[in-house]
$ cat coords04.csv   # CSV, C-alpha atoms
chain,number,residue,atom,x,y,z
A,1,MET,CA,-19.9,-1.8,32.8
A,2,ASP,CA,-20.3,1.8,32.0
A,3,THR,CA,-17.8,3.1,29.4
A,4,ILE,CA,-15.9,1.5,26.6
A,5,ARG,CA,-13.2,4.0,25.5
A,6,VAL,CA,-11.9,3.9,21.9
A,7,VAL,CA,-8.2,4.9,21.9
A,8,TRP,CA,-5.6,4.9,19.2
A,9,GLY,CA,-2.0,5.5,18.3
A,10,THR,CA,0.8,4.9,15.9
A,11,GLY,CA,4.5,4.2,16.6
A,12,THR,CA,7.7,3.1,15.1
A,13,GLY,CA,10.6,1.0,16.3
A,14,PRO,CA,13.5,-1.2,15.4
A,15,THR,CA,11.2,-4.3,15.7
A,16,GLY,CA,7.6,-5.0,15.1
A,17,MET,CA,7.1,-5.4,18.9
A,18,ALA,CA,8.9,-2.2,19.7
A,19,ALA,CA,6.7,-0.4,17.1
A,20,TYR,CA,3.6,-2.0,18.7
A,21,ASP,CA,4.7,-0.9,22.2
A,22,ALA,CA,5.2,2.7,20.9
A,23,ALA,CA,1.7,2.7,19.4
A,24,LEU,CA,0.2,1.5,22.6
A,25,ALA,CA,2.1,4.2,24.5
A,26,ALA,CA,0.6,6.8,22.1
A,27,ALA,CA,-2.8,5.5,23.2
A,28,ASN,CA,-1.7,5.4,26.8
A,29,VAL,CA,-2.4,1.7,27.3
A,30,HIS,CA,1.2,0.4,27.2
A,31,GLU,CA,1.3,-0.3,31.0
A,32,TYR,CA,-1.4,-2.9,30.9
A,33,ASN,CA,-1.6,-6.6,30.0
A,34,LEU,CA,-4.1,-6.5,27.2
A,35,VAL,CA,-6.7,-9.3,27.0
A,36,ARG,CA,-8.4,-9.5,23.7
A,37,VAL,CA,-12.1,-10.3,23.5
A,38,SER,CA,-14.5,-10.8,20.6
A,39,SER,CA,-16.8,-7.9,19.8
A,40,VAL,CA,-20.0,-7.7,21.9
A,41,VAL,CA,-20.8,-4.5,23.7
A,42,PRO,CA,-23.0,-4.9,26.8
A,43,ALA,CA,-26.4,-3.2,26.7
A,44,ASP,CA,-25.5,-1.0,29.7
A,45,ALA,CA,-22.2,0.3,28.2
A,46,THR,CA,-21.5,3.4,26.2
A,47,VAL,CA,-18.8,3.6,23.6
A,48,GLU,CA,-16.8,6.9,23.5
A,49,ALA,CA,-13.9,7.8,21.1
A,50,VAL,CA,-11.4,9.5,23.4
A,51,GLY,CA,-8.1,9.1,21.6
A,52,THR,CA,-5.8,8.7,24.6
A,53,ALA,CA,-6.8,6.6,27.5
A,54,PRO,CA,-7.1,8.1,31.0
A,55,ASP,CA,-5.6,6.3,34.0
A,56,LEU,CA,-7.4,3.0,34.0
A,57,GLY,CA,-5.6,1.4,37.0
A,58,PRO,CA,-2.2,0.2,38.1
A,59,ALA,CA,0.6,-0.8,35.8
A,60,GLY,CA,0.6,-4.6,35.1
A,61,ASP,CA,-3.1,-5.0,35.5
A,62,ARG,CA,-5.3,-6.8,32.9
A,63,LEU,CA,-7.2,-4.5,30.5
A,64,THR,CA,-9.9,-6.1,28.3
A,65,VAL,CA,-9.9,-4.8,24.7
A,66,VAL,CA,-11.0,-5.3,21.2
A,67,GLU,CA,-8.0,-4.4,19.0
A,68,GLY,CA,-7.5,-3.3,15.4
A,69,ARG,CA,-3.8,-3.5,14.6
A,70,ALA,CA,-1.4,-3.4,11.7
A,71,THR,CA,2.4,-3.5,11.6
A,72,VAL,CA,4.6,-3.0,8.5
A,73,ALA,CA,8.3,-3.8,8.3
A,74,PRO,CA,10.9,-1.5,6.7
A,75,ASP,CA,10.9,-3.5,3.5
A,76,GLU,CA,7.1,-3.5,3.2
A,77,GLU,CA,4.9,-0.9,1.5
A,78,GLY,CA,2.8,1.0,4.0
A,79,PRO,CA,1.2,2.7,5.7
A,80,ALA,CA,0.1,0.6,8.7
A,81,VAL,CA,-3.7,1.1,8.9
A,82,ALA,CA,-6.0,0.0,11.8
A,83,THR,CA,-9.7,0.5,12.3
A,84,LEU,CA,-12.6,-0.2,14.6
A,85,SER,CA,-16.2,0.0,13.5
A,86,TRP,CA,-19.0,-0.2,16.1
A,87,ALA,CA,-22.8,-0.1,16.2
A,88,LYS,CA,-25.2,-0.2,19.1
A,89,VAL,CA,-28.9,-0.6,19.5
A,90,PRO,CA,-30.1,2.5,21.3
A,91,GLY,CA,-30.5,1.4,24.9
A,92,GLY,CA,-29.3,-2.1,24.0
A,93,PRO,CA,-26.3,-4.2,23.1
A,94,GLY,CA,-23.8,-3.5,20.3
A,95,LEU,CA,-20.9,-4.9,18.3
A,96,ILE,CA,-17.3,-3.8,17.5
A,97,TYR,CA,-15.4,-5.1,14.5
A,98,GLU,CA,-11.7,-4.6,13.9
A,99,ALA,CA,-9.4,-4.7,10.9
A,100,GLY,CA,-5.9,-3.9,9.9
A,101,GLY,CA,-3.7,-3.8,6.8
A,102,THR,CA,-2.0,-1.3,4.5
A,103,ASP,CA,-4.9,0.0,2.3
A,104,ARG,CA,-7.2,2.4,4.2
A,105,ALA,CA,-10.3,1.9,2.0
A,106,ALA,CA,-9.9,-1.9,2.1
A,107,VAL,CA,-9.4,-2.0,5.8
A,108,GLU,CA,-12.4,0.2,6.5
A,109,GLN,CA,-14.5,-1.9,4.1
A,110,ARG,CA,-13.6,-5.2,5.8
A,111,ALA,CA,-14.6,-3.8,9.2
A,112,GLU,CA,-17.9,-2.4,7.9
A,113,THR,CA,-18.7,-5.6,6.0
A,114,GLY,CA,-18.1,-7.6,9.1
A,115,LEU,CA,-20.1,-5.3,11.3
A,116,ALA,CA,-23.1,-5.4,8.9
A,117,ALA,CA,-23.0,-9.2,8.9
A,118,GLY,CA,-22.7,-9.3,12.7
A,119,CYS,CA,-25.7,-6.9,13.1
A,120,ASP,CA,-27.7,-9.0,10.6
A,121,LEU,CA,-27.2,-12.0,13.0
A,122,ARG,CA,-28.8,-10.2,15.9
A,123,ASP,CA,-32.1,-8.6,16.7
A,124,GLY,CA,-32.4,-4.8,16.9
A,125,ASP,CA,-31.9,-1.7,14.9
A,126,PHE,CA,-28.2,-0.9,15.1
A,127,ASP,CA,-28.7,2.8,14.4
A,128,ASP,CA,-25.8,4.2,16.4
A,129,ARG,CA,-22.7,3.6,14.2
A,130,SER,CA,-19.2,5.0,14.3
A,131,ARG,CA,-15.7,4.2,13.1
A,132,ARG,CA,-12.2,5.3,14.0
A,133,THR,CA,-9.3,4.6,11.6
A,134,VAL,CA,-5.6,5.5,12.2
A,135,SER,CA,-2.6,5.1,9.9
A,136,GLY,CA,1.1,5.4,10.5
A,137,PRO,CA,3.7,6.0,7.8
A,138,ALA,CA,6.1,3.2,7.0
A,139,PRO,CA,9.6,4.7,7.4
A,140,ALA,CA,12.4,3.1,5.3
A,141,ASP,CA,14.5,2.2,8.4
A,142,ALA,CA,11.9,1.1,11.0
A,143,HIS,CA,8.8,-0.9,11.6
A,144,ALA,CA,5.5,1.0,11.9
A,145,THR,CA,2.4,0.0,13.8
A,146,ALA,CA,-1.1,1.5,14.0
A,147,VAL,CA,-3.6,0.5,16.7
A,148,VAL,CA,-7.2,1.3,17.5
A,149,LEU,CA,-8.5,-0.3,20.7
A,150,ALA,CA,-11.8,-0.4,22.6
A,151,ALA,CA,-10.9,-0.6,26.3
A,152,TYR,CA,-13.6,-2.1,28.4
A,153,GLY,CA,-13.9,-0.2,31.6
A,154,GLU,CA,-11.0,-0.1,34.2
A,155,SER,CA,-8.2,-2.5,34.5
A,156,THR,CA,-8.4,-5.4,36.9
A,157,PRO,CA,-5.6,-7.3,38.9
A,158,LEU,CA,-4.2,-10.4,37.3
A,159,PRO,CA,-5.1,-13.6,39.3
$ encode --input "coords04.csv" --output "structure tokens"
Amino acid sequence: MDTIRVVWGTGTGPTGMAAYDAALAAANVHEYNLVRVSSVVPADATVEAVGTAPDLGPAGDRLTVVEGRATVAPDEEGPAVATLSWAKVPGGPGLIYEAGGTDRAAVEQRAETGLAAGCDLRDGDFDDRSRRTVSGPAPADAHATAVVLAAYGESTPLP
């Protein structure tokens, strides 16, 4: 494993799934079958916040991700807020924690609290810390979704 790319996007649509698909398109990961994993960063990986994913392989392939996600319906108060917080031991492993909701401060605090607890369970000085938060307004006539994803490497074919 070499690079874990943090990508993000927001989108709106007539359904929650359509808004989610639009947010994935904004991050350029909408052509992959996303496979969610927990939160461990391999020691030999780097984590880079890139915004929009480069070409990671053929459409329909499997892409391993950690995903922060929130969707709000037209009748809900928004915005949709998603975040990832990550920490790494210099030259060693790391962790990524995700959260989503409608209150930016609360979403970020949940991710940071979880990350701190996860780091406390492990050996090492998790000095290299970062966070990416994105929010999408909640229009009165559509669903809104915000996503932040950590994409692990390149896509792989489905079995």
$ residues_around --input "coords04.csv" --residues "stretch 109-116 of chain A" --least-positions-apart "6" --cutoff "10 Å" --atoms "all atoms listed in the file" --output "PDB file with C-alpha atoms, in the coordinates of the input"
ATOM      1  CA  SER A  39     -16.800  -7.900  19.800  1.00  0.00           C
ATOM      2  CA  GLY A  68      -7.500  -3.300  15.400  1.00  0.00           C
ATOM      3  CA  ALA A  82      -6.000   0.000  11.800  1.00  0.00           C
ATOM      4  CA  THR A  83      -9.700   0.500  12.300  1.00  0.00           C
ATOM      5  CA  LEU A  84     -12.600  -0.200  14.600  1.00  0.00           C
ATOM      6  CA  SER A  85     -16.200   0.000  13.500  1.00  0.00           C
ATOM      7  CA  TRP A  86     -19.000  -0.200  16.100  1.00  0.00           C
ATOM      8  CA  ALA A  87     -22.800  -0.100  16.200  1.00  0.00           C
ATOM      9  CA  GLY A  94     -23.800  -3.500  20.300  1.00  0.00           C
ATOM     10  CA  LEU A  95     -20.900  -4.900  18.300  1.00  0.00           C
ATOM     11  CA  ILE A  96     -17.300  -3.800  17.500  1.00  0.00           C
ATOM     12  CA  TYR A  97     -15.400  -5.100  14.500  1.00  0.00           C
ATOM     13  CA  GLU A  98     -11.700  -4.600  13.900  1.00  0.00           C
ATOM     14  CA  ALA A  99      -9.400  -4.700  10.900  1.00  0.00           C
ATOM     15  CA  GLY A 100      -5.900  -3.900   9.900  1.00  0.00           C
ATOM     16  CA  ASP A 103      -4.900   0.000   2.300  1.00  0.00           C
ATOM     17  CA  PHE A 126     -28.200  -0.900  15.100  1.00  0.00           C
ATOM     18  CA  ARG A 129     -22.700   3.600  14.200  1.00  0.00           C
ATOM     19  CA  SER A 130     -19.200   5.000  14.300  1.00  0.00           C
ATOM     20  CA  ARG A 131     -15.700   4.200  13.100  1.00  0.00           C
TER      21      ARG A 131
END
$ atom_distance --input "coords04.csv" --atom1 "atom CA of A:Gly78" --atom2 "atom CA of A:Leu149"
20.2 Å
$ residues_around --input "coords04.csv" --residues "A:Ala43" --least-positions-apart "6" --cutoff "10 Å" --atoms "only C-alpha atoms" --output "ChimeraX atom specification"
/A:1-2,88-94
$ residues_around --input "coords04.csv" --residues "A:Tyr152" --least-positions-apart "3" --cutoff "10 Å" --atoms "only C-alpha atoms" --output "PyMOL selection string"
chain A and resi 1-6+37+41-42+45-47+56+63-66+149+155
$ atom_distance --input "coords04.csv" --atom1 "atom CA of A:Trp8" --atom2 "atom CA of A:Val107"
15.5 Å
$ closest_residue --input "coords04.csv" --among "A:Ala117, A:Ala105, A:Ala73, A:Val40" --to "A:Met17" --atoms "only C-alpha atoms"
A:Ala73
$ atom_distance --input "coords04.csv" --atom1 "atom CA of A:Thr52" --atom2 "atom CA of A:Val7"
5.2 Å
$ closest_residue --input "coords04.csv" --among "A:Gly101, A:Gly51, A:Gly118, A:Pro74" --to "A:Ala151" --atoms "all atoms listed in the file"
A:Gly51
$ closest_residue --input "coords04.csv" --among "A:Ala142, A:Ala49, A:Ala59, A:Ala25" --to "A:Thr156" --atoms "only C-alpha atoms"
A:Ala59
$ closest_residue --input "coords04.csv" --among "A:Thr15, A:Thr145, A:Asn28, A:Thr10" --to "A:Gly57" --atoms "only C-alpha atoms"
A:Asn28
$ closest_residue --input "coords04.csv" --among "A:Val81, A:Val72, A:Leu121, A:Val148" --to "A:Leu24" --atoms "only C-alpha atoms"
A:Val148
$ decode --input "coords04.csv" --residues "stretch 98-150 of chain A" --atoms "C-alpha atoms" --output "mmCIF file, in the first residue's frame"
data_model
loop_
_atom_site.group_PDB
_atom_site.id
_atom_site.type_symbol
_atom_site.label_atom_id
_atom_site.label_comp_id
_atom_site.auth_asym_id
_atom_site.auth_seq_id
_atom_site.Cartn_x
_atom_site.Cartn_y
_atom_site.Cartn_z
ATOM 1 C CA GLU A 98 -15.402 9.162 10.497
ATOM 2 C CA ALA A 99 -18.567 10.974 11.549
ATOM 3 C CA GLY A 100 -21.601 12.582 9.980
ATOM 4 C CA GLY A 101 -24.588 14.651 11.021
ATOM 5 C CA THR A 102 -25.981 18.167 10.769
ATOM 6 C CA ASP A 103 -23.956 20.121 13.335
ATOM 7 C CA ARG A 104 -20.370 20.768 12.195
ATOM 8 C CA ALA A 105 -18.893 21.253 15.669
ATOM 9 C CA ALA A 106 -20.595 18.116 17.030
ATOM 10 C CA VAL A 107 -19.579 16.010 14.015
ATOM 11 C CA GLU A 108 -15.937 17.113 14.274
ATOM 12 C CA GLN A 109 -15.926 16.541 18.044
ATOM 13 C CA ARG A 110 -17.282 12.985 17.661
ATOM 14 C CA ALA A 111 -14.567 12.109 15.156
ATOM 15 C CA GLU A 112 -11.818 13.675 17.266
ATOM 16 C CA THR A 113 -13.036 11.991 20.458
ATOM 17 C CA GLY A 114 -13.140 8.618 18.725
ATOM 18 C CA LEU A 115 -9.723 9.133 17.185
ATOM 19 C CA ALA A 116 -8.203 10.038 20.560
ATOM 20 C CA ALA A 117 -9.730 6.932 22.142
ATOM 21 C CA GLY A 118 -8.459 4.739 19.288
ATOM 22 C CA CYS A 119 -4.954 6.178 19.598
ATOM 23 C CA ASP A 120 -5.026 5.535 23.356
ATOM 24 C CA LEU A 121 -5.659 1.830 22.655
ATOM 25 C CA ARG A 122 -2.470 1.567 20.608
ATOM 26 C CA ASP A 123 1.244 2.036 21.093
ATOM 27 C CA GLY A 124 3.009 4.997 19.542
ATOM 28 C CA ASP A 125 2.965 8.758 19.379
ATOM 29 C CA PHE A 126 0.240 9.675 16.902
ATOM 30 C CA ASP A 127 1.747 13.084 16.171
ATOM 31 C CA ASP A 128 0.736 13.425 12.518
ATOM 32 C CA ARG A 129 -2.954 14.490 12.759
ATOM 33 C CA SER A 130 -5.322 15.946 10.190
ATOM 34 C CA ARG A 131 -9.023 16.402 9.518
ATOM 35 C CA ARG A 132 -11.234 17.170 6.536
ATOM 36 C CA THR A 133 -14.828 18.295 6.961
ATOM 37 C CA VAL A 134 -17.323 19.104 4.226
ATOM 38 C CA SER A 135 -20.894 20.334 4.382
ATOM 39 C CA GLY A 136 -23.675 20.653 1.844
ATOM 40 C CA PRO A 137 -26.659 22.965 2.191
ATOM 41 C CA ALA A 138 -30.084 21.409 2.602
ATOM 42 C CA PRO A 139 -32.321 22.782 -0.145
ATOM 43 C CA ALA A 140 -36.049 22.879 0.538
ATOM 44 C CA ASP A 141 -36.849 20.683 -2.484
ATOM 45 C CA ALA A 142 -34.087 18.032 -2.530
ATOM 46 C CA HIS A 143 -32.016 15.671 -0.436
ATOM 47 C CA ALA A 144 -28.438 16.758 0.300
ATOM 48 C CA THR A 145 -25.427 14.545 1.003
ATOM 49 C CA ALA A 146 -21.886 15.277 2.155
ATOM 50 C CA VAL A 147 -19.134 12.641 1.940
ATOM 51 C CA VAL A 148 -15.489 12.467 2.919
ATOM 52 C CA LEU A 149 -13.760 9.223 1.953
ATOM 53 C CA ALA A 150 -10.305 7.772 2.456
#
